[in-house]
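Enquirer: Sending over structure.txt (compact mmCIF, C-alpha atoms).
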# COMPACT_ATOMS: atom_id res chain seq x y z
CA MET A 1 6.22 38.10 -26.62
CA LEU A 2 7.40 35.41 -24.24
CA ALA A 3 10.84 35.68 -22.70
CA PRO A 4 13.42 33.23 -24.08
CA ARG A 5 13.43 29.83 -22.42
CA ARG A 6 15.66 29.71 -19.40
CA LYS A 7 18.85 27.77 -20.09
CA THR A 8 18.78 24.55 -18.10
CA ARG A 9 20.64 21.29 -18.21
CA LYS A 10 18.93 18.58 -20.23
CA ILE A 11 17.94 15.24 -18.75
CA ARG A 12 16.04 12.24 -20.05
CA VAL A 13 12.91 10.66 -18.64
CA GLY A 14 12.97 7.44 -20.57
CA SER A 15 12.58 8.42 -24.22
CA VAL A 16 11.54 12.02 -23.45
CA GLU A 17 14.05 14.83 -23.11
CA VAL A 18 13.36 17.44 -20.44
CA GLY A 19 15.12 20.79 -20.17
CA GLY A 20 17.57 22.52 -22.46
CA ASP A 21 16.00 23.03 -25.88
CA ALA A 22 13.55 20.13 -25.51
CA PRO A 23 9.83 20.91 -25.94
CA ILE A 24 7.90 21.48 -22.73
CA SER A 25 6.28 18.16 -21.85
CA VAL A 26 2.90 17.44 -20.27
CA GLN A 27 2.62 15.00 -17.41
CA SER A 28 -0.20 13.43 -15.44
CA MET A 29 -0.62 10.74 -12.80
CA THR A 30 -2.76 7.63 -12.76
CA THR A 31 -5.53 7.33 -10.18
CA THR A 32 -5.65 3.52 -10.23
CA LYS A 33 -4.04 1.21 -7.72
CA THR A 34 -0.71 0.55 -9.40
CA HIS A 35 -0.79 -3.13 -8.50
CA ASP A 36 -3.98 -3.40 -10.59
CA ILE A 37 -1.84 -3.71 -13.69
CA ASN A 38 -4.59 -3.93 -16.29
CA SER A 39 -6.48 -0.90 -14.97
CA THR A 40 -3.29 1.10 -14.67
CA LEU A 41 -2.17 0.27 -18.21
CA GLN A 42 -5.65 1.09 -19.53
CA GLN A 43 -5.53 4.52 -17.90
CA ILE A 44 -2.01 5.10 -19.21
CA ALA A 45 -3.25 4.26 -22.71
CA GLU A 46 -6.06 6.83 -22.33
CA LEU A 47 -3.59 9.45 -21.15
CA THR A 48 -1.27 8.66 -24.04
CA ALA A 49 -4.11 9.09 -26.52
CA ALA A 50 -4.94 12.44 -24.92
CA GLY A 51 -1.42 13.74 -25.52
CA CYS A 52 0.34 12.92 -22.26
CA ASP A 53 4.13 12.75 -22.63
CA ILE A 54 5.11 11.28 -19.25
CA VAL A 55 2.99 9.46 -16.67
CA ARG A 56 3.52 9.03 -12.94
CA VAL A 57 2.27 6.09 -10.90
CA ALA A 58 2.03 5.77 -7.13
CA CYS A 59 4.14 3.17 -5.35
CA PRO A 60 3.10 2.99 -1.68
CA THR A 61 3.22 -0.81 -1.20
CA ASP A 62 5.25 -3.90 -2.04
CA LYS A 63 2.52 -5.00 -4.44
CA ASP A 64 2.82 -1.73 -6.35
CA ALA A 65 6.59 -2.07 -6.56
CA GLU A 66 6.23 -5.60 -7.90
CA ALA A 67 3.94 -4.31 -10.68
CA LEU A 68 6.39 -1.66 -11.90
CA PRO A 69 8.46 -3.85 -14.28
CA ILE A 70 5.40 -4.86 -16.30
CA ILE A 71 3.92 -1.35 -16.34
CA ALA A 72 7.22 0.27 -17.32
CA LYS A 73 7.70 -2.25 -20.13
CA LYS A 74 4.19 -2.09 -21.58
CA SER A 75 3.55 1.66 -21.29
CA LYS A 76 4.09 3.56 -24.55
CA ILE A 77 5.21 6.66 -22.64
CA PRO A 78 7.86 6.91 -19.90
CA VAL A 79 6.72 5.95 -16.41
CA ILE A 80 7.78 7.79 -13.26
CA ALA A 81 7.45 5.97 -9.94
CA ASP A 82 6.18 8.23 -7.16
CA ILE A 83 7.93 7.33 -3.91
CA HIS A 84 7.12 8.44 -0.38
CA PHE A 85 8.19 7.12 3.03
CA GLN A 86 10.18 4.06 1.91
CA PRO A 87 13.62 4.40 0.25
CA LYS A 88 13.53 0.72 -0.72
CA TYR A 89 10.92 1.52 -3.37
CA VAL A 90 13.32 3.96 -5.03
CA PHE A 91 15.70 1.10 -5.72
CA ALA A 92 12.83 -1.14 -6.80
CA ALA A 93 11.64 1.47 -9.31
CA ILE A 94 15.12 1.92 -10.74
CA GLU A 95 15.51 -1.85 -11.13
CA ALA A 96 12.05 -2.06 -12.72
CA GLY A 97 13.11 0.10 -15.65
CA CYS A 98 11.07 3.20 -14.85
CA GLY A 99 12.06 6.29 -16.81
CA ALA A 100 12.44 8.28 -13.61
CA VAL A 101 11.71 8.26 -9.90
CA ARG A 102 10.08 11.06 -7.97
CA VAL A 103 11.39 11.35 -4.42
CA ASN A 104 9.85 13.54 -1.72
CA PRO A 105 12.63 14.70 0.62
CA GLY A 106 10.11 15.83 3.21
CA ASN A 107 8.77 12.40 4.05
CA ILE A 108 11.17 9.69 2.92
CA ARG A 109 12.65 8.31 6.10
CA LYS A 110 16.47 8.25 6.15
CA PHE A 111 16.53 9.74 2.65
CA ASP A 112 19.62 11.86 3.27
CA ASP A 113 21.55 8.81 4.47
CA GLN A 114 20.95 6.93 1.20
CA VAL A 115 21.57 9.64 -1.39
CA LYS A 116 24.91 8.13 -2.42
CA GLU A 117 23.40 4.70 -3.04
CA ILE A 118 20.36 6.12 -4.85
CA ALA A 119 22.56 8.32 -7.05
CA GLN A 120 24.80 5.40 -7.98
CA ALA A 121 21.90 3.07 -8.74
CA ALA A 122 20.17 5.72 -10.88
CA LYS A 123 23.39 6.55 -12.71
CA ASP A 124 24.13 2.90 -13.44
CA ALA A 125 20.61 2.35 -14.81
CA GLY A 126 20.39 5.62 -16.74
CA VAL A 127 17.37 6.68 -14.68
CA SER A 128 16.68 10.32 -13.80
CA LEU A 129 15.08 11.62 -10.62
CA ARG A 130 12.71 14.38 -9.62
CA ILE A 131 13.25 16.08 -6.31
CA GLY A 132 9.64 16.88 -5.50
CA VAL A 133 9.17 19.37 -2.68
CA ASN A 134 5.56 19.94 -1.60
CA ALA A 135 4.14 22.51 0.79
CA GLY A 136 2.07 19.80 2.48
CA SER A 137 5.05 17.59 3.27
CA LEU A 138 7.84 20.04 3.94
CA ASP A 139 10.62 18.91 6.23
CA LYS A 140 9.78 19.70 9.86
CA ARG A 141 13.11 21.43 10.33
CA LEU A 142 12.21 23.97 7.67
CA LEU A 143 8.70 24.44 8.99
CA ALA A 144 10.21 25.24 12.39
CA LYS A 145 12.63 27.69 10.81
CA TYR A 146 10.17 29.56 8.57
CA GLY A 147 6.88 29.00 10.41
CA LYS A 148 5.11 27.79 7.27
CA ALA A 149 5.74 26.70 3.71
CA THR A 150 7.05 29.98 2.34
CA PRO A 151 8.71 30.26 -1.08
CA GLU A 152 12.06 30.52 0.68
CA ALA A 153 11.38 27.36 2.70
CA LEU A 154 10.43 25.37 -0.40
CA VAL A 155 13.52 26.52 -2.27
CA GLU A 156 15.87 25.88 0.64
CA SER A 157 14.60 22.31 0.83
CA ALA A 158 15.06 21.76 -2.90
CA VAL A 159 18.51 23.32 -3.12
CA TRP A 160 19.73 21.35 -0.12
CA GLU A 161 18.62 18.02 -1.55
CA ALA A 162 20.02 18.93 -4.96
CA SER A 163 23.38 19.62 -3.38
CA LEU A 164 23.42 16.18 -1.78
CA PHE A 165 23.10 14.52 -5.19
CA GLU A 166 25.57 16.88 -6.80
CA GLU A 167 28.13 16.00 -4.13
CA HIS A 168 28.08 12.52 -5.62
CA ASP A 169 28.37 13.84 -9.18
CA PHE A 170 24.76 13.02 -10.01
CA HIS A 171 23.03 15.70 -12.07
CA ASP A 172 20.24 13.87 -13.89
CA PHE A 173 17.37 15.32 -11.94
CA LYS A 174 14.69 17.96 -12.19
CA ILE A 175 13.10 19.85 -9.32
CA SER A 176 9.60 20.91 -8.35
CA VAL A 177 8.51 23.21 -5.51
CA LYS A 178 4.74 22.92 -5.43
CA HIS A 179 2.23 24.90 -3.40
CA ASN A 180 -1.55 25.22 -3.56
CA ASP A 181 -1.33 29.03 -3.68
CA PRO A 182 -0.32 30.17 -7.19
CA VAL A 183 1.30 33.35 -5.84
CA VAL A 184 3.53 31.41 -3.44
CA MET A 185 4.24 28.79 -6.08
CA VAL A 186 5.26 31.34 -8.71
CA ARG A 187 7.63 33.10 -6.32
CA ALA A 188 9.19 29.80 -5.27
CA TYR A 189 9.96 28.87 -8.87
CA GLU A 190 11.34 32.33 -9.58
CA LEU A 191 13.74 31.96 -6.66
CA LEU A 192 14.64 28.43 -7.69
CA ALA A 193 15.34 29.53 -11.26
CA GLU A 194 17.79 32.10 -9.91
CA ALA A 195 19.57 29.53 -7.76
CA GLY A 196 20.67 27.03 -10.41
CA ASP A 197 20.30 25.60 -13.89
CA TRP A 198 18.18 22.59 -12.94
CA PRO A 199 15.26 21.71 -15.24
CA LEU A 200 12.03 22.56 -13.45
CA HIS A 201 8.75 20.66 -13.24
CA LEU A 202 5.86 23.09 -12.74
CA GLY A 203 2.77 22.33 -10.72
CA VAL A 204 0.19 23.93 -8.45
CA THR A 205 -0.39 21.11 -6.00
CA GLU A 206 -3.91 20.31 -4.81
CA ALA A 207 -5.21 22.93 -7.23
CA GLY A 208 -8.81 21.84 -6.65
CA PRO A 209 -11.83 20.83 -8.75
CA ALA A 210 -11.65 21.13 -12.52
CA PHE A 211 -12.75 24.76 -12.92
CA GLN A 212 -10.82 26.20 -9.98
CA GLY A 213 -7.77 24.07 -10.64
CA THR A 214 -7.69 25.04 -14.30
CA ILE A 215 -7.77 28.74 -13.42
CA LYS A 216 -5.07 28.43 -10.75
CA SER A 217 -2.81 26.32 -12.96
CA ALA A 218 -3.26 28.48 -16.05
CA THR A 219 -2.52 31.62 -14.00
CA ALA A 220 0.63 30.21 -12.42
CA PHE A 221 1.95 28.45 -15.51
CA GLY A 222 1.28 31.50 -17.67
CA ALA A 223 3.21 33.74 -15.28
CA LEU A 224 6.20 31.41 -15.22
CA LEU A 225 6.28 30.18 -18.80
CA SER A 226 6.02 33.75 -20.07
CA LYS A 227 9.31 34.37 -18.26
CA GLY A 228 10.91 31.29 -19.79
CA ILE A 229 10.67 29.28 -16.56
CA GLY A 230 9.48 25.68 -16.78
CA ASP A 231 10.50 22.55 -18.66
CA THR A 232 7.65 20.14 -17.93
CA ILE A 233 4.21 20.64 -16.37
CA ARG A 234 1.49 18.76 -14.53
CA VAL A 235 -1.97 20.24 -13.96
CA SER A 236 -3.29 18.77 -10.69
CA LEU A 237 -7.08 18.54 -10.77
CA SER A 238 -9.72 16.78 -8.71
CA ALA A 239 -10.92 15.32 -11.99
CA PRO A 240 -10.09 12.41 -14.29
CA PRO A 241 -6.41 12.62 -15.27
CA VAL A 242 -7.24 12.92 -18.96
CA GLU A 243 -8.68 16.33 -18.11
CA GLU A 244 -5.31 17.32 -16.65
CA VAL A 245 -3.66 16.49 -19.96
CA LYS A 246 -6.23 18.44 -21.96
CA VAL A 247 -5.76 21.53 -19.80
CA GLY A 248 -1.97 21.27 -19.80
CA SER A 249 -1.82 20.84 -23.56
CA GLN A 250 -4.13 23.77 -24.15
CA ILE A 251 -2.14 26.02 -21.83
CA LEU A 252 0.96 25.30 -23.90
CA GLU A 253 -0.94 25.79 -27.15
CA ALA A 254 -2.33 29.13 -25.96
CA LEU A 255 1.25 30.30 -25.29
CA ASN A 256 2.45 28.95 -28.65
CA LEU A 257 4.73 26.56 -26.78
CA ARG A 258 3.09 23.56 -28.44
CA PRO A 259 1.71 23.42 -32.01
CA ARG A 260 -1.93 24.43 -31.99
CA LYS A 261 -4.53 21.99 -33.16
CA LEU A 262 -8.19 22.90 -33.52
CA GLU A 263 -9.11 26.36 -32.26
CA ILE A 264 -12.66 27.69 -32.26
CA VAL A 265 -13.11 31.45 -32.06
CA SER A 266 -16.63 32.41 -31.03
CA CYS A 267 -18.20 35.67 -29.95
CA PRO A 268 -19.61 36.06 -26.41
CA SER A 269 -22.98 37.14 -27.84
CA CYS A 270 -24.75 40.43 -27.16
CA GLY A 271 -27.92 42.27 -28.08
CA ARG A 272 -26.79 42.47 -31.70
CA ALA A 273 -26.69 38.71 -32.14
CA GLN A 274 -29.37 37.30 -34.43
CA VAL A 275 -28.63 33.65 -33.64
CA ASP A 276 -28.15 31.64 -30.45
CA VAL A 277 -24.37 31.89 -30.39
CA TYR A 278 -24.00 29.65 -27.34
CA GLU A 279 -25.87 26.77 -28.93
CA LEU A 280 -24.16 27.30 -32.27
CA ALA A 281 -20.66 27.30 -30.73
CA ASP A 282 -21.43 24.25 -28.57
CA SER A 283 -22.81 22.33 -31.54
CA VAL A 284 -19.81 23.13 -33.72
CA THR A 285 -17.43 22.26 -30.88
CA ALA A 286 -19.14 18.91 -30.34
CA GLY A 287 -19.24 18.18 -34.06
CA LEU A 288 -15.51 18.83 -34.47
CA ALA A 289 -14.40 17.19 -31.21
CA ASP A 290 -12.44 14.47 -33.01
CA LEU A 291 -10.70 16.78 -35.45
CA THR A 292 -6.93 16.82 -34.84
CA VAL A 293 -5.72 19.38 -37.36
CA PRO A 294 -4.24 22.88 -36.97
CA LEU A 295 -7.48 24.58 -37.97
CA ARG A 296 -8.95 27.89 -36.78
CA VAL A 297 -12.74 27.99 -36.98
CA ALA A 298 -14.70 31.19 -36.31
CA VAL A 299 -18.33 31.00 -35.15
CA MET A 300 -19.72 34.52 -35.15
CA GLY A 301 -23.21 35.78 -34.42
CA CYS A 302 -23.56 39.27 -35.85
CA VAL A 303 -22.58 41.56 -38.71
CA VAL A 304 -20.24 43.81 -36.69
CA ASN A 305 -17.21 41.60 -35.99
CA GLY A 306 -18.54 38.47 -37.65
CA PRO A 307 -17.36 38.91 -41.23
CA GLY A 308 -13.92 40.14 -40.18
CA GLU A 309 -13.29 37.30 -37.72
CA ALA A 310 -14.65 34.71 -40.13
CA ARG A 311 -12.46 36.08 -42.90
CA GLU A 312 -9.33 35.82 -40.73
CA ALA A 313 -9.99 32.17 -39.81
CA ASP A 314 -9.31 29.08 -41.91
CA LEU A 315 -13.02 28.38 -41.78
CA GLY A 316 -15.81 30.49 -40.39
CA VAL A 317 -19.40 31.62 -40.38
CA ALA A 318 -20.91 35.07 -39.99
CA SER A 319 -24.53 34.58 -38.97
CA GLY A 320 -27.56 36.83 -39.19
CA ASN A 321 -31.03 37.24 -40.72
CA GLY A 322 -31.68 33.51 -40.52
CA LYS A 323 -28.66 32.51 -42.56
CA GLY A 324 -24.90 32.16 -42.40
CA GLN A 325 -22.13 33.18 -44.75
CA ILE A 326 -19.49 30.43 -44.86
CA PHE A 327 -15.90 31.63 -45.28
CA VAL A 328 -12.94 29.46 -46.29
CA LYS A 329 -9.52 31.11 -46.26
CA GLY A 330 -11.07 34.57 -46.29
CA GLU A 331 -13.50 34.00 -49.14
CA VAL A 332 -17.27 33.50 -48.99
CA ILE A 333 -17.95 30.13 -50.58
CA LYS A 334 -21.66 29.87 -49.87
CA THR A 335 -24.60 31.16 -47.87
CA VAL A 336 -26.74 28.60 -46.07
CA PRO A 337 -29.92 28.68 -43.96
CA GLU A 338 -29.35 28.95 -40.22
CA ASP A 339 -30.36 25.33 -39.61
CA GLN A 340 -27.61 24.13 -41.98
CA ILE A 341 -24.71 26.10 -40.50
CA VAL A 342 -23.42 23.38 -38.20
CA GLU A 343 -23.51 20.55 -40.72
CA THR A 344 -21.93 22.80 -43.37
CA LEU A 345 -19.07 23.82 -41.09
CA ILE A 346 -18.42 20.21 -40.10
CA ALA A 347 -18.41 19.07 -43.72
CA GLU A 348 -16.07 21.87 -44.78
CA ALA A 349 -13.73 21.18 -41.84
CA GLN A 350 -13.51 17.53 -42.82
CA ARG A 351 -12.89 18.48 -46.43
CA ILE A 352 -10.09 20.87 -45.46
CA ALA A 353 -8.57 18.24 -43.17
CA GLY A 354 -8.63 15.78 -46.05
CA GLU A 355 -6.88 18.25 -48.32
CA MET A 356 -4.24 18.75 -45.64
CA GLY A 357 -3.62 15.01 -45.72
CA MET A 358 -4.53 14.68 -42.05
CA ASP A 359 -6.83 12.35 -40.18
CA ALA A 360 -10.11 14.03 -39.35
CA GLY A 361 -11.08 11.26 -36.97
CA GLY A 362 -8.12 11.18 -34.61
CA ALA A 363 -8.20 10.66 -30.91
CA THR A 364 -10.00 13.09 -28.69
CA GLY A 365 -8.18 14.84 -25.88
CA ALA A 366 -5.11 16.51 -27.34
CA GLY A 367 -7.23 17.41 -30.33
CA ALA A 368 -10.22 18.65 -28.36
CA PRO A 369 -11.21 22.14 -29.49
CA VAL A 370 -9.92 25.22 -27.77
CA VAL A 371 -12.85 27.62 -27.52
CA THR A 372 -11.73 31.23 -27.50
CA VAL A 373 -14.33 33.88 -26.72
CA SER A 374 -13.62 37.18 -28.44
Just dump the structure as structure tokens.
Expert:
Amino acid sequence: MLAPRRKTRKIRVGSVEVGGDAPISVQSMTTTKTHDINSTLQQIAELTAAGCDIVRVACPTDKDAEALPIIAKKSKIPVIADIHFQPKYVFAAIEAGCGAVRVNPGNIRKFDDQVKEIAQAAKDAGVSLRIGVNAGSLDKRLLAKYGKATPEALVESAVWEASLFEEHDFHDFKISVKHNDPVVMVRAYELLAEAGDWPLHLGVTEAGPAFQGTIKSATAFGALLSKGIGDTIRVSLSAPPVEEVKVGSQILEALNLRPRKLEIVSCPSCGRAQVDVYELADSVTAGLADLTVPLRVAVMGCVVNGPGEAREADLGVASGNGKGQIFVKGEVIKTVPEDQIVETLIAEAQRIAGEMGMDAGGATGAGAPVVTVS
């Protein structure tokens, strides 16, 4: 069992609540040049279709800042402006109607001197902030003190900046303390969770290519979320941002922190298997890729665990001797030749989806199958 969610204050990022009893949200970041408005909005639309709740856009130039009002207005999900180096862009993002602004205390010049003005502008506009501390851009004073980006250094930076806003009675912010090492990152968030009731944005920064980054993020998020720590997440991958959303959503689904959609249970194969389980599972996964229903499908390759797993699923097949027994809700409804297993499972899944009154042809991404090897 997971520990109860940590009690945090609740803030709003546009239309999305973060913290408190709000569902854990999934974030990503566009890879387009923000001033290329059409490309940026197209990527935001793709992320939205994949299940993204909040999207962040970079704002390194005047041209990017000038594009924010249109992007914030046309995006169907809240937009966070990502600000580094120039405090003037913080004010521009607030005026543009962004749902929130991410500020990096480690590299915004004269940030501490403008906290009062930023807090007042954000409060007046109803805009929240994220204090985003990163190992790669930690304040030089803290690097000199600790020698490197330790968990304690990351937390000291975050708590200090939080206190500056709180001095001006501004509390609508969340905090992140990201590191590329999951062990360091987990410890930093544990310490931060002990230090205050701020909502926390989880992330392993620069996690790496898709496979490595998925493993690192899943490990770190699982460790923290199982302890009730974390209110919103972003999986950082060297991959298209839609992949970040898929991974983030599936991490939450695996922990029962987000309603599960399609789940495929398939055996890892062994010497007992009488069918090519890999090909069968891949074909079923591909055939059901657009299914967006809470459906558990078992694809099993032998007579040992096959019937039991198939019987426990909403829909399943136990394969062997050139044929497959098709189970629906624990009952065998038919036996088909091996070469008809895939098409039969797809047809039955679509039928069940229809009976559930749900669209069997929804968007891919958030509804992409979760393949569980048992």
Enquirer: Hey, what's within 6 Å of segment 45-60 of chain A if we count only C-alpha atoms and toss same-chain stuff fewer than 6 positions away? As a PyMOL selection string, please?
Expert: chain A and resi 25-30+77-83+242+245+365-366
Enquirer: What does the distance from atom CA of Glu166 of chain A to atom CA of Val115 of chain A come to in Å, to one decimal?
Expert: 9.9 Å
Enquirer: Just give me the residues with any atom within 12 Å of (-25.6, 35.1, -44.2), file coordinates, counting all atoms listed in the file, written as a ChimeraX atom specification.
Expert: /A:274-275,300-303,306-307,310,316-327,332-341
Enquirer: Env of His168 of chain A: 9 Å cut, atoms = all atoms listed in the file, seq-sep filter 2 positions within chain, self excluded. Answer as a tab-separated table (two decimals) with C-alpha atoms, in the frame of the given file.
Expert:
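Output file out.tsv follows:
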chain	number	residue	atom	x	y	z
A	115	VAL	CA	21.57	9.64	-1.39
A	116	LYS	CA	24.91	8.13	-2.42
A	119	ALA	CA	22.56	8.32	-7.05
A	120	GLN	CA	24.80	5.40	-7.98
A	163	SER	CA	23.38	19.62	-3.38
A	164	LEU	CA	23.42	16.18	-1.78
A	165	PHE	CA	23.10	14.52	-5.19
A	166	GLU	CA	25.57	16.88	-6.80
A	170	PHE	CA	24.76	13.02	-10.01
A	171	HIS	CA	23.03	15.70	-12.07
Enquirer: Can you pull out every residue within 8 Å of Leu257 of chain A, counting all atoms listed in the file, but drop anything in the same chain fewer than 3 positions away, and send it as an MDAnalysis selection string?
Expert: chainID A and resid 23:24 252:254
Enquirer: Tell me which of A:Ala144, A:Leu225, A:Ala67, A:Val155 sits closest to Ala3 of chain A, counting only C-alpha atoms.
Expert: A:Leu225
Enquirer: How far is it from atom CA of Lys329 of chain A to atom CA of Glu312 of chain A, in Å with one decimal?
Expert: 7.3 Å
Enquirer: Quick one: everything within 9 Å of segment 88-96 of chain A, counting all atoms listed in the file, minus sequence neighbours fewer than 3 positions away in the same chain. Send it as JSON, numbers by chain.
Expert: {"A": [59, 60, 61, 62, 65, 66, 67, 68, 69, 70, 71, 72, 73, 80, 81, 82, 83, 84, 85, 99, 100, 101, 102, 103, 117, 118, 121, 122, 125, 126, 127]}
Enquirer: What does the distance from atom CA of Ala347 of chain A to atom CA of Ile251 of chain A come to in Å, to one decimal?
Expert: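 According to the coordinates, atom CA of Ala347 of chain A and atom CA of Ile251 of chain A are separated by 28.1 Å.
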Enquirer: From the set A:Cys98, A:Lys76, A:Gly213, A:Ser157, which residue has the shortest atom-to-atom contact distance to Lys145 of chain A, counting all atoms listed in the file?
Expert: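 When distances to Lys145 of chain A are compared using all atoms listed in the file, the smallest one comes from A:Ser157.
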Enquirer: Here is a test: counting all atoms listed in the file, which residue of A:Lys10, A:Arg234, A:His201, A:Lys174 is nearest to Ser249 of chain A?
Expert: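 Checking each candidate against Ser249 of chain A, we get A:Arg234 as the closest.
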Enquirer: Excluding Asp314 of chain A and its own-chain neighbours fewer than 4 positions away, which residues fall within 12 Å of it when counting only C-alpha atoms? Please give them as an MDAnalysis selection string.
Expert: chainID A and resid 262:265 293:299 309:310 326:332 345 348:349 352:353
Enquirer: Mind writing the picked residues with C-alpha atoms as a compact mmCIF listing (two decimals), in the frame of the given file?
Expert:
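The new file part-v4.txt reads:
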# COMPACT_ATOMS: atom_id res chain seq x y z
CA LEU A 262 -8.19 22.90 -33.52
CA GLU A 263 -9.11 26.36 -32.26
CA ILE A 264 -12.66 27.69 -32.26
CA VAL A 265 -13.11 31.45 -32.06
CA VAL A 293 -5.72 19.38 -37.36
CA PRO A 294 -4.24 22.88 -36.97
CA LEU A 295 -7.48 24.58 -37.97
CA ARG A 296 -8.95 27.89 -36.78
CA VAL A 297 -12.74 27.99 -36.98
CA ALA A 298 -14.70 31.19 -36.31
CA VAL A 299 -18.33 31.00 -35.15
CA GLU A 309 -13.29 37.30 -37.72
CA ALA A 310 -14.65 34.71 -40.13
CA ILE A 326 -19.49 30.43 -44.86
CA PHE A 327 -15.90 31.63 -45.28
CA VAL A 328 -12.94 29.46 -46.29
CA LYS A 329 -9.52 31.11 -46.26
CA GLY A 330 -11.07 34.57 -46.29
CA GLU A 331 -13.50 34.00 -49.14
CA VAL A 332 -17.27 33.50 -48.99
CA LEU A 345 -19.07 23.82 -41.09
CA GLU A 348 -16.07 21.87 -44.78
CA ALA A 349 -13.73 21.18 -41.84
CA ILE A 352 -10.09 20.87 -45.46
CA ALA A 353 -8.57 18.24 -43.17
Enquirer: Let me know the centre plus edge lengths, in Å and rounded to one decimal, of a box with edges along x, y and z that contains all listed atoms of segment 288-305 of chain A and is padded by 5 Å on every side, as lines of an AutoDock Vina configuration file.
Expert:
center_x = -13.9
center_y = 29.1
center_z = -35.0
size_x = 29.3
size_y = 39.3
size_z = 17.5
Enquirer: Within 12 Å of (1.0, 31.8, -18.0) (file coordinates; all atoms listed in the file), which protein or nucleic acid residues are there? I'd like them as a PyMOL selection string.
Expert: chain A and resi 1-3+182+186+202+214-230+233+248+250-257
Enquirer: Got time to write the residues from that selection, C-alpha atoms, as an mmCIF file, in the coordinates of the input?
Expert:
data_model
loop_
_atom_site.group_PDB
_atom_site.id
_atom_site.type_symbol
_atom_site.label_atom_id
_atom_site.label_comp_id
_atom_site.auth_asym_id
_atom_site.auth_seq_id
_atom_site.Cartn_x
_atom_site.Cartn_y
_atom_site.Cartn_z
ATOM 1 C CA MET A 1 6.220 38.100 -26.620
ATOM 2 C CA LEU A 2 7.400 35.410 -24.240
ATOM 3 C CA ALA A 3 10.840 35.680 -22.700
ATOM 4 C CA PRO A 182 -0.320 30.170 -7.190
ATOM 5 C CA VAL A 186 5.260 31.340 -8.710
ATOM 6 C CA LEU A 202 5.860 23.090 -12.740
ATOM 7 C CA THR A 214 -7.690 25.040 -14.300
ATOM 8 C CA ILE A 215 -7.770 28.740 -13.420
ATOM 9 C CA LYS A 216 -5.070 28.430 -10.750
ATOM 10 C CA SER A 217 -2.810 26.320 -12.960
ATOM 11 C CA ALA A 218 -3.260 28.480 -16.050
ATOM 12 C CA THR A 219 -2.520 31.620 -14.000
ATOM 13 C CA ALA A 220 0.630 30.210 -12.420
ATOM 14 C CA PHE A 221 1.950 28.450 -15.510
ATOM 15 C CA GLY A 222 1.280 31.500 -17.670
ATOM 16 C CA ALA A 223 3.210 33.740 -15.280
ATOM 17 C CA LEU A 224 6.200 31.410 -15.220
ATOM 18 C CA LEU A 225 6.280 30.180 -18.800
ATOM 19 C CA SER A 226 6.020 33.750 -20.070
ATOM 20 C CA LYS A 227 9.310 34.370 -18.260
ATOM 21 C CA GLY A 228 10.910 31.290 -19.790
ATOM 22 C CA ILE A 229 10.670 29.280 -16.560
ATOM 23 C CA GLY A 230 9.480 25.680 -16.780
ATOM 24 C CA ILE A 233 4.210 20.640 -16.370
ATOM 25 C CA GLY A 248 -1.970 21.270 -19.800
ATOM 26 C CA GLN A 250 -4.130 23.770 -24.150
ATOM 27 C CA ILE A 251 -2.140 26.020 -21.830
ATOM 28 C CA LEU A 252 0.960 25.300 -23.900
ATOM 29 C CA GLU A 253 -0.940 25.790 -27.150
ATOM 30 C CA ALA A 254 -2.330 29.130 -25.960
ATOM 31 C CA LEU A 255 1.250 30.300 -25.290
ATOM 32 C CA ASN A 256 2.450 28.950 -28.650
ATOM 33 C CA LEU A 257 4.730 26.560 -26.780
#
